[in-house]
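K.L.:
Provided herewith is a single structure, encoded as C-alpha cells, for subsequent inquiry.
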Amino acid sequence: MEVNNVSDTRLAAIKTESGVPADLESCHTAKVGGYVVEGHVPAEDIQRMLKEKPAIVGISVAGMPSGSPGMEGGAKQPYTVTAFAKDGKQTVYSKH
C-alpha cells in the first residue's frame, strides 16, 4: 500500500465532513479507495473492504486499543472494527 501523510489542522472538521460518527472517532483518519478508515484498523480489514466493496462509508477502530496495529505494546485488548454507513447504521466488520 502506498501512503501519503498529510497533516491538517482541521482534523475534527475532516472527520465530520467524511461522515465519521462521533462515537467512532480515533486518532487517525484516512481515505482509501473511496472509503474512510478511522483509527488503528488492521491492513487485512482494509484490504477486505477494498476487495468486497461494501455499501458503507468506511470502517473504524474507536480509541487506541492495545494490540491494534501501531499499539502493540502491553497486554493485548480485544477490539472491534466497526463499519459505518451513510444513514448512520453501524455494524461489526470484524473482531480481533
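So you can find residues: chains in the C-alpha cells are A, B, ... in the order shown, residues in each start at 1, and ligands are numbered from 1 in order.
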Taking the DSSP secondary structure from the backbone, can you list the residues of chain A that are strand (DSSP E or B), as a list in words?
P.N.:
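Everything in chain A that counts as strand (DSSP E or B) is Thr29, Ala30, Lys31, Val32, Tyr35, Val36, Val37, Glu38, Gly39, Gly58, Ile59, Ser60, Val61, Thr80, Val81, Thr82, Ala83, Phe84, Gln90, Thr91, Val92, Tyr93, Ser94 and Lys95 of chain A.
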K.L.:
Would you mind exporting the chosen residues as a PDB file, in the first residue's frame, restricted to N, CA and C atoms?
P.N.:
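Writing the result to again_19.pdb gives the following:
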ATOM      1  N   THR A  29      -7.267   9.557  10.538  1.00  0.00           N
ATOM      2  CA  THR A  29      -8.325   9.446   9.533  1.00  0.00           C
ATOM      3  C   THR A  29      -7.665   9.326   8.175  1.00  0.00           C
ATOM      4  N   ALA A  30      -8.099   8.341   7.399  1.00  0.00           N
ATOM      5  CA  ALA A  30      -7.538   8.146   6.055  1.00  0.00           C
ATOM      6  C   ALA A  30      -8.676   7.939   5.068  1.00  0.00           C
ATOM      7  N   LYS A  31      -8.404   8.289   3.832  1.00  0.00           N
ATOM      8  CA  LYS A  31      -9.325   7.996   2.737  1.00  0.00           C
ATOM      9  C   LYS A  31      -8.603   7.025   1.817  1.00  0.00           C
ATOM     10  N   VAL A  32      -9.218   5.851   1.632  1.00  0.00           N
ATOM     11  CA  VAL A  32      -8.594   4.776   0.869  1.00  0.00           C
ATOM     12  C   VAL A  32      -9.617   4.210  -0.107  1.00  0.00           C
ATOM     13  N   TYR A  35     -13.200   5.034   0.465  1.00  0.00           N
ATOM     14  CA  TYR A  35     -13.707   4.738   1.805  1.00  0.00           C
ATOM     15  C   TYR A  35     -12.936   5.546   2.847  1.00  0.00           C
ATOM     16  N   VAL A  36     -13.542   5.692   4.027  1.00  0.00           N
ATOM     17  CA  VAL A  36     -12.886   6.327   5.162  1.00  0.00           C
ATOM     18  C   VAL A  36     -12.390   5.222   6.090  1.00  0.00           C
ATOM     19  N   VAL A  37     -11.156   5.357   6.544  1.00  0.00           N
ATOM     20  CA  VAL A  37     -10.579   4.426   7.518  1.00  0.00           C
ATOM     21  C   VAL A  37     -10.190   5.264   8.729  1.00  0.00           C
ATOM     22  N   GLU A  38     -10.774   4.945   9.869  1.00  0.00           N
ATOM     23  CA  GLU A  38     -10.579   5.732  11.084  1.00  0.00           C
ATOM     24  C   GLU A  38      -9.889   4.896  12.148  1.00  0.00           C
ATOM     25  N   GLY A  39      -8.755   5.385  12.634  1.00  0.00           N
ATOM     26  CA  GLY A  39      -8.063   4.720  13.728  1.00  0.00           C
ATOM     27  C   GLY A  39      -7.122   3.618  13.287  1.00  0.00           C
ATOM     28  N   GLY A  58     -17.250   3.711   5.596  1.00  0.00           N
ATOM     29  CA  GLY A  58     -15.917   3.276   5.986  1.00  0.00           C
ATOM     30  C   GLY A  58     -15.923   2.361   7.188  1.00  0.00           C
ATOM     31  N   ILE A  59     -14.711   2.169   7.749  1.00  0.00           N
ATOM     32  CA  ILE A  59     -14.527   1.310   8.914  1.00  0.00           C
ATOM     33  C   ILE A  59     -13.678   2.038   9.950  1.00  0.00           C
ATOM     34  N   SER A  60     -13.866   1.648  11.209  1.00  0.00           N
ATOM     35  CA  SER A  60     -13.181   2.337  12.299  1.00  0.00           C
ATOM     36  C   SER A  60     -12.829   1.386  13.431  1.00  0.00           C
ATOM     37  N   VAL A  61     -11.710   1.693  14.089  1.00  0.00           N
ATOM     38  CA  VAL A  61     -11.391   1.137  15.400  1.00  0.00           C
ATOM     39  C   VAL A  61     -11.394   2.340  16.330  1.00  0.00           C
ATOM     40  N   THR A  80     -12.927  -4.222  18.271  1.00  0.00           N
ATOM     41  CA  THR A  80     -13.853  -4.418  17.165  1.00  0.00           C
ATOM     42  C   THR A  80     -13.593  -3.395  16.076  1.00  0.00           C
ATOM     43  N   VAL A  81     -13.632  -3.851  14.830  1.00  0.00           N
ATOM     44  CA  VAL A  81     -13.632  -2.950  13.678  1.00  0.00           C
ATOM     45  C   VAL A  81     -15.101  -2.774  13.313  1.00  0.00           C
ATOM     46  N   THR A  82     -15.546  -1.528  13.292  1.00  0.00           N
ATOM     47  CA  THR A  82     -16.950  -1.220  13.039  1.00  0.00           C
ATOM     48  C   THR A  82     -17.107  -0.577  11.671  1.00  0.00           C
ATOM     49  N   ALA A  83     -18.058  -1.083  10.889  1.00  0.00           N
ATOM     50  CA  ALA A  83     -18.411  -0.464   9.608  1.00  0.00           C
ATOM     51  C   ALA A  83     -19.504   0.558   9.878  1.00  0.00           C
ATOM     52  N   PHE A  84     -19.445   1.685   9.172  1.00  0.00           N
ATOM     53  CA  PHE A  84     -20.485   2.699   9.336  1.00  0.00           C
ATOM     54  C   PHE A  84     -20.989   3.150   7.969  1.00  0.00           C
ATOM     55  N   GLN A  90     -24.420   1.280  12.103  1.00  0.00           N
ATOM     56  CA  GLN A  90     -23.113   0.724  12.423  1.00  0.00           C
ATOM     57  C   GLN A  90     -23.245  -0.782  12.582  1.00  0.00           C
ATOM     58  N   THR A  91     -22.270  -1.513  12.025  1.00  0.00           N
ATOM     59  CA  THR A  91     -22.262  -2.966  12.145  1.00  0.00           C
ATOM     60  C   THR A  91     -20.848  -3.441  12.446  1.00  0.00           C
ATOM     61  N   VAL A  92     -20.754  -4.595  13.084  1.00  0.00           N
ATOM     62  CA  VAL A  92     -19.444  -5.190  13.357  1.00  0.00           C
ATOM     63  C   VAL A  92     -18.872  -5.685  12.038  1.00  0.00           C
ATOM     64  N   TYR A  93     -17.669  -5.214  11.704  1.00  0.00           N
ATOM     65  CA  TYR A  93     -16.992  -5.643  10.480  1.00  0.00           C
ATOM     66  C   TYR A  93     -16.063  -6.818  10.779  1.00  0.00           C
ATOM     67  N   SER A  94     -15.364  -6.728  11.911  1.00  0.00           N
ATOM     68  CA  SER A  94     -14.508  -7.831  12.359  1.00  0.00           C
ATOM     69  C   SER A  94     -14.173  -7.638  13.828  1.00  0.00           C
ATOM     70  N   LYS A  95     -13.702  -8.717  14.431  1.00  0.00           N
ATOM     71  CA  LYS A  95     -13.256  -8.673  15.829  1.00  0.00           C
ATOM     72  C   LYS A  95     -11.839  -9.224  15.893  1.00  0.00           C
TER      73      LYS A  95
END
K.L.:
How many Å separate CA of Asn5 (chain A) from CA of Gly33 (chain A)?
P.N.:
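Spanning CA of Asn5 (chain A) to CA of Gly33 (chain A) is a straight-line distance of 15.4 Å.
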K.L.:
Rounded to one decimal in Å, what is the spacing between CA of Lys76 (chain A) and CA of Leu50 (chain A)?
P.N.:
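So the answer is 26.5 Å.
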K.L.:
Could you work out how far CA of Glu44 (chain A) lies from CA of Asp8 (chain A), giving the answer in Å with one decimal?
P.N.:
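CA of Glu44 (chain A) lies 26.4 Å from CA of Asp8 (chain A).
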K.L.:
Given only C-alpha atoms as the basis, pick out the residue of A:Pro42, A:Val57, A:His96, A:Met64 nearest to Glu17 (chain A).
P.N.:
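Using only C-alpha atoms, Glu17 (chain A) sits closest to A:Val57.
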